[in-house]
Amino acid sequence: MKDLIRSALLAVAAAPVLACAVELAPDDVRAFAAAPAGFSEVRPDIAHGRVEAFSYDSPVTGTRRTANIYLPPGYPSPRKLPVLYLLHGIAGNQHEWTGYVHAQAILDNLIADGRAVPMIVVMPNGRALPDDRPPPPDRTFTPEHVAGFAKFERELLDVLLPAIDARYATLGDRQHRAIAGLSMGGGQALDFGLGHLDRFAWVGGFSSAPNTRPASELLPDADLARRRLALLYLSCGIQDGLIRLSQDFHRYLKQHDIPHVWNVDEHGHDRESWADNLHHFAQRLFR
Ligand code: FER
């Protein structure tokens with residue numbers, strides 16, 4: 001319920017940017033058919049993973065911070081697992097993917113059907129500020145608040161990654177580490193993932209926000225990108241006023257022959273798009 005209120009507030013706060021005119025190119029189409037009915041609903045007949053809280057000290061904020069961790073059914077298993085870092089939007093927190101998007105059901109269903117490999121999913125709070133609660137709507141887009149999302153880069157790389165690898169049975173190398181996010185978190189995933197291909201081989205930006213650095217800055221060396229990226233996945237809905245940014249990113253990748261998935265769906269800046277894209281992205285990871 002809280003997440004629904006939060007997204008409704010965001011819709012009001014972000015209305016001017018999200019209402020931008022959308023122009024579509026011929027290749028702005030779905031890469032995959034819509035997920036099957038019920039893909040994000042809890043199925044009582046299958047094994048379920050669990051979500052637990054993981055706390056760590058952040059030298060960036062000077063506070064103790066908490067991430068949510070999805071552990072697949074049967075964890076701990078004899079085998080070490082790959083890890084996906086999954087980042088929320090500007091008005092969300094570590095509960096947004098599970099609460100609003102139903103990520104836990106999506107992952108459980110894919111794993112039960114053998115369509116995704118069992119993985120640990122780390123859902124941190126990507127707002128590296130001493131007060132990391134979603135602010136009231138009139139402060140959602142302040143420079144201070146937006147800066148908190150950029151400050152998360154050092155905390156993620158220097159503190160959270162090593163802490164997760166120490167606490168959980170992870171494989172811990174770049175080939176077994178992915179990063180993706182929605183909107184503000186999509187921008188973070190592209191900035192941090194593509195900016196640190198020594199740490200991540202799988203990167204996804206869903207409805208990425210204007211905190212995304214230009215593709216020319218993130219991937220100046222196309223050859224290196226081709227060699228290091230296992231998957232680069234971009235998506236956006238045709239009703240999302242932020243689509244221009246992803247279209248430009250896709251165009252740059254195409255011009256420079258950098259393989260990627262470009263999935264344009266019929267949705268807006270909303271859970272329908274993010275749930276569908278998590279479903280498609282997760283099943284392509286670590287294979
Ligand atoms: C902006 C429009 C939208 C922006 C961020 C967003 C930093 C983020 C939206 C979201 O996370 O849902 O101009 O600037």
# chains A, B, ... in the order shown; residues from 1 in each chain; ligands from 1

call {"tool": "residues_around", "arguments": {"residues": "Val83 in chain A", "least_positions_apart": "4", "cutoff": "6 Å", "atoms": "only C-alpha atoms", "output": "list of chain:residue names"}}
result
A:Met119, A:Ile120, A:Val121, A:Arg177

call {"tool": "select_by_dssp", "arguments": {"residues": "range 84-287 of chain A", "states": "alpha helix (DSSP H)", "output": "number ranges by chain"}}
result
A: 96-99, 103-112, 143-154, 161-167, 184-195, 215-218, 222-228, 243-255, 271-282

call {"tool": "residues_near_ligand", "arguments": {"ligand": "ligand 1", "cutoff": "6 Å", "atoms": "only C-alpha atoms and all ligand atoms", "output": "ChimeraX atom specification"}}
result
/A:17,89-90,146,183-184,209-211

call {"tool": "write_last_selection", "arguments": {"atoms": "N, CA and C atoms", "output": "tab-separated table (two decimals), in the first residue's frame"}}
result
chain	number	residue	atom	x	y	z
A	17	VAL	N	8.05	16.16	-16.36
A	17	VAL	CA	9.05	15.45	-17.16
A	17	VAL	C	8.46	14.21	-17.82
A	89	GLY	N	13.70	3.32	-7.82
A	89	GLY	CA	13.52	4.65	-8.40
A	89	GLY	C	13.62	5.78	-7.39
A	90	ILE	N	13.41	7.00	-7.86
A	90	ILE	CA	13.69	8.21	-7.07
A	90	ILE	C	12.80	8.32	-5.84
A	146	VAL	N	18.86	14.21	-5.40
A	146	VAL	CA	19.37	13.54	-6.60
A	146	VAL	C	20.84	13.15	-6.39
A	183	SER	N	14.32	3.36	-13.61
A	183	SER	CA	14.33	4.82	-13.59
A	183	SER	C	15.61	5.39	-12.98
A	184	MET	N	15.53	6.04	-11.82
A	184	MET	CA	16.77	6.55	-11.19
A	184	MET	C	17.75	5.40	-10.97
A	209	ALA	N	16.53	7.14	-16.00
A	209	ALA	CA	16.26	8.56	-15.74
A	209	ALA	C	17.45	9.42	-16.20
A	210	PRO	N	17.26	10.75	-16.15
A	210	PRO	CA	18.32	11.66	-16.62
A	210	PRO	C	19.60	11.68	-15.76
A	211	ASN	N	19.67	10.85	-14.73
A	211	ASN	CA	20.96	10.70	-14.03
A	211	ASN	C	21.91	9.80	-14.83

call {"tool": "residues_around", "arguments": {"residues": "range 275-284 of chain A", "least_positions_apart": "3", "cutoff": "9 Å", "atoms": "only C-alpha atoms", "output": "ChimeraX atom specification"}}
result
/A:32,34-35,39-40,84,97,101-103,106-107,110-111,114-117,180,204,206,231,233,235-236,263,265,270-272,287

call {"tool": "atom_distance", "arguments": {"atom1": "CA of Asp221 in chain A", "atom2": "CA of Leu86 in chain A"}}
result
25.7 Å

call {"tool": "atom_distance", "arguments": {"atom1": "CA of Asp158 in chain A", "atom2": "CA of Tyr56 in chain A"}}
result
12.0 Å

call {"tool": "residues_around", "arguments": {"residues": "Asp28 in chain A", "least_positions_apart": "4", "cutoff": "9 Å", "atoms": "only C-alpha atoms", "output": "list in words"}}
result
Leu24, Ile238, Gln247, Trp262, Asn263, Val264 and Asp265 of chain A

call {"tool": "select_by_dssp", "arguments": {"residues": "range 223-259 of chain A", "states": "strand (DSSP E)", "output": "ChimeraX atom specification"}}
result
/A:231-237

call {"tool": "decode", "arguments": {"residues": "range 194-210 of chain A", "atoms": "N, CA, C and O atoms", "output": "PDB file, in the first residue's frame"}}
result
ATOM      1  N   LEU A 194      28.349   0.030 -16.299  1.00  0.00           N
ATOM      2  CA  LEU A 194      29.188   0.260 -17.481  1.00  0.00           C
ATOM      3  C   LEU A 194      30.471   0.988 -17.093  1.00  0.00           C
ATOM      4  O   LEU A 194      31.506   0.837 -17.743  1.00  0.00           O
ATOM      5  N   GLY A 195      30.394   1.777 -16.023  1.00  0.00           N
ATOM      6  CA  GLY A 195      31.592   2.474 -15.532  1.00  0.00           C
ATOM      7  C   GLY A 195      32.570   1.546 -14.829  1.00  0.00           C
ATOM      8  O   GLY A 195      33.720   1.930 -14.578  1.00  0.00           O
ATOM      9  N   HIS A 196      32.127   0.341 -14.493  1.00  0.00           N
ATOM     10  CA  HIS A 196      32.993  -0.601 -13.752  1.00  0.00           C
ATOM     11  C   HIS A 196      32.801  -2.007 -14.300  1.00  0.00           C
ATOM     12  O   HIS A 196      32.329  -2.909 -13.599  1.00  0.00           O
ATOM     13  N   LEU A 197      33.197  -2.181 -15.538  1.00  0.00           N
ATOM     14  CA  LEU A 197      33.041  -3.502 -16.166  1.00  0.00           C
ATOM     15  C   LEU A 197      33.995  -4.533 -15.576  1.00  0.00           C
ATOM     16  O   LEU A 197      33.887  -5.723 -15.867  1.00  0.00           O
ATOM     17  N   ASP A 198      34.912  -4.081 -14.728  1.00  0.00           N
ATOM     18  CA  ASP A 198      35.753  -5.035 -13.987  1.00  0.00           C
ATOM     19  C   ASP A 198      34.962  -5.678 -12.843  1.00  0.00           C
ATOM     20  O   ASP A 198      35.381  -6.693 -12.288  1.00  0.00           O
ATOM     21  N   ARG A 199      33.799  -5.111 -12.502  1.00  0.00           N
ATOM     22  CA  ARG A 199      32.987  -5.655 -11.400  1.00  0.00           C
ATOM     23  C   ARG A 199      31.689  -6.301 -11.877  1.00  0.00           C
ATOM     24  O   ARG A 199      31.118  -7.137 -11.168  1.00  0.00           O
ATOM     25  N   PHE A 200      31.175  -5.844 -13.044  1.00  0.00           N
ATOM     26  CA  PHE A 200      29.875  -6.338 -13.536  1.00  0.00           C
ATOM     27  C   PHE A 200      29.988  -6.719 -15.010  1.00  0.00           C
ATOM     28  O   PHE A 200      30.534  -5.956 -15.811  1.00  0.00           O
ATOM     29  N   ALA A 201      29.421  -7.868 -15.380  1.00  0.00           N
ATOM     30  CA  ALA A 201      29.388  -8.259 -16.799  1.00  0.00           C
ATOM     31  C   ALA A 201      27.977  -8.150 -17.384  1.00  0.00           C
ATOM     32  O   ALA A 201      27.807  -8.213 -18.595  1.00  0.00           O
ATOM     33  N   TRP A 202      26.961  -8.005 -16.537  1.00  0.00           N
ATOM     34  CA  TRP A 202      25.553  -8.013 -16.960  1.00  0.00           C
ATOM     35  C   TRP A 202      24.905  -6.727 -16.451  1.00  0.00           C
ATOM     36  O   TRP A 202      24.906  -6.476 -15.237  1.00  0.00           O
ATOM     37  N   VAL A 203      24.340  -5.927 -17.352  1.00  0.00           N
ATOM     38  CA  VAL A 203      23.854  -4.599 -16.968  1.00  0.00           C
ATOM     39  C   VAL A 203      22.484  -4.347 -17.600  1.00  0.00           C
ATOM     40  O   VAL A 203      22.286  -4.625 -18.790  1.00  0.00           O
ATOM     41  N   GLY A 204      21.553  -3.799 -16.797  1.00  0.00           N
ATOM     42  CA  GLY A 204      20.224  -3.492 -17.321  1.00  0.00           C
ATOM     43  C   GLY A 204      19.703  -2.153 -16.836  1.00  0.00           C
ATOM     44  O   GLY A 204      19.780  -1.845 -15.645  1.00  0.00           O
ATOM     45  N   GLY A 205      19.180  -1.347 -17.763  1.00  0.00           N
ATOM     46  CA  GLY A 205      18.539  -0.077 -17.395  1.00  0.00           C
ATOM     47  C   GLY A 205      17.104  -0.087 -17.883  1.00  0.00           C
ATOM     48  O   GLY A 205      16.852  -0.172 -19.081  1.00  0.00           O
ATOM     49  N   PHE A 206      16.145  -0.047 -16.939  1.00  0.00           N
ATOM     50  CA  PHE A 206      14.720  -0.024 -17.287  1.00  0.00           C
ATOM     51  C   PHE A 206      14.203   1.413 -17.099  1.00  0.00           C
ATOM     52  O   PHE A 206      14.334   1.978 -16.010  1.00  0.00           O
ATOM     53  N   SER A 207      13.639   2.006 -18.129  1.00  0.00           N
ATOM     54  CA  SER A 207      13.083   3.375 -18.029  1.00  0.00           C
ATOM     55  C   SER A 207      14.074   4.329 -17.378  1.00  0.00           C
ATOM     56  O   SER A 207      13.701   5.124 -16.508  1.00  0.00           O
ATOM     57  N   SER A 208      15.317   4.273 -17.819  1.00  0.00           N
ATOM     58  CA  SER A 208      16.390   5.005 -17.132  1.00  0.00           C
ATOM     59  C   SER A 208      16.145   6.519 -17.108  1.00  0.00           C
ATOM     60  O   SER A 208      15.644   7.093 -18.068  1.00  0.00           O
ATOM     61  N   ALA A 209      16.529   7.138 -16.002  1.00  0.00           N
ATOM     62  CA  ALA A 209      16.255   8.562 -15.740  1.00  0.00           C
ATOM     63  C   ALA A 209      17.446   9.421 -16.200  1.00  0.00           C
ATOM     64  O   ALA A 209      18.506   8.905 -16.567  1.00  0.00           O
ATOM     65  N   PRO A 210      17.260  10.754 -16.149  1.00  0.00           N
ATOM     66  CA  PRO A 210      18.325  11.661 -16.617  1.00  0.00           C
ATOM     67  C   PRO A 210      19.596  11.680 -15.758  1.00  0.00           C
ATOM     68  O   PRO A 210      20.506  12.461 -16.052  1.00  0.00           O
TER      69      PRO A 210
END
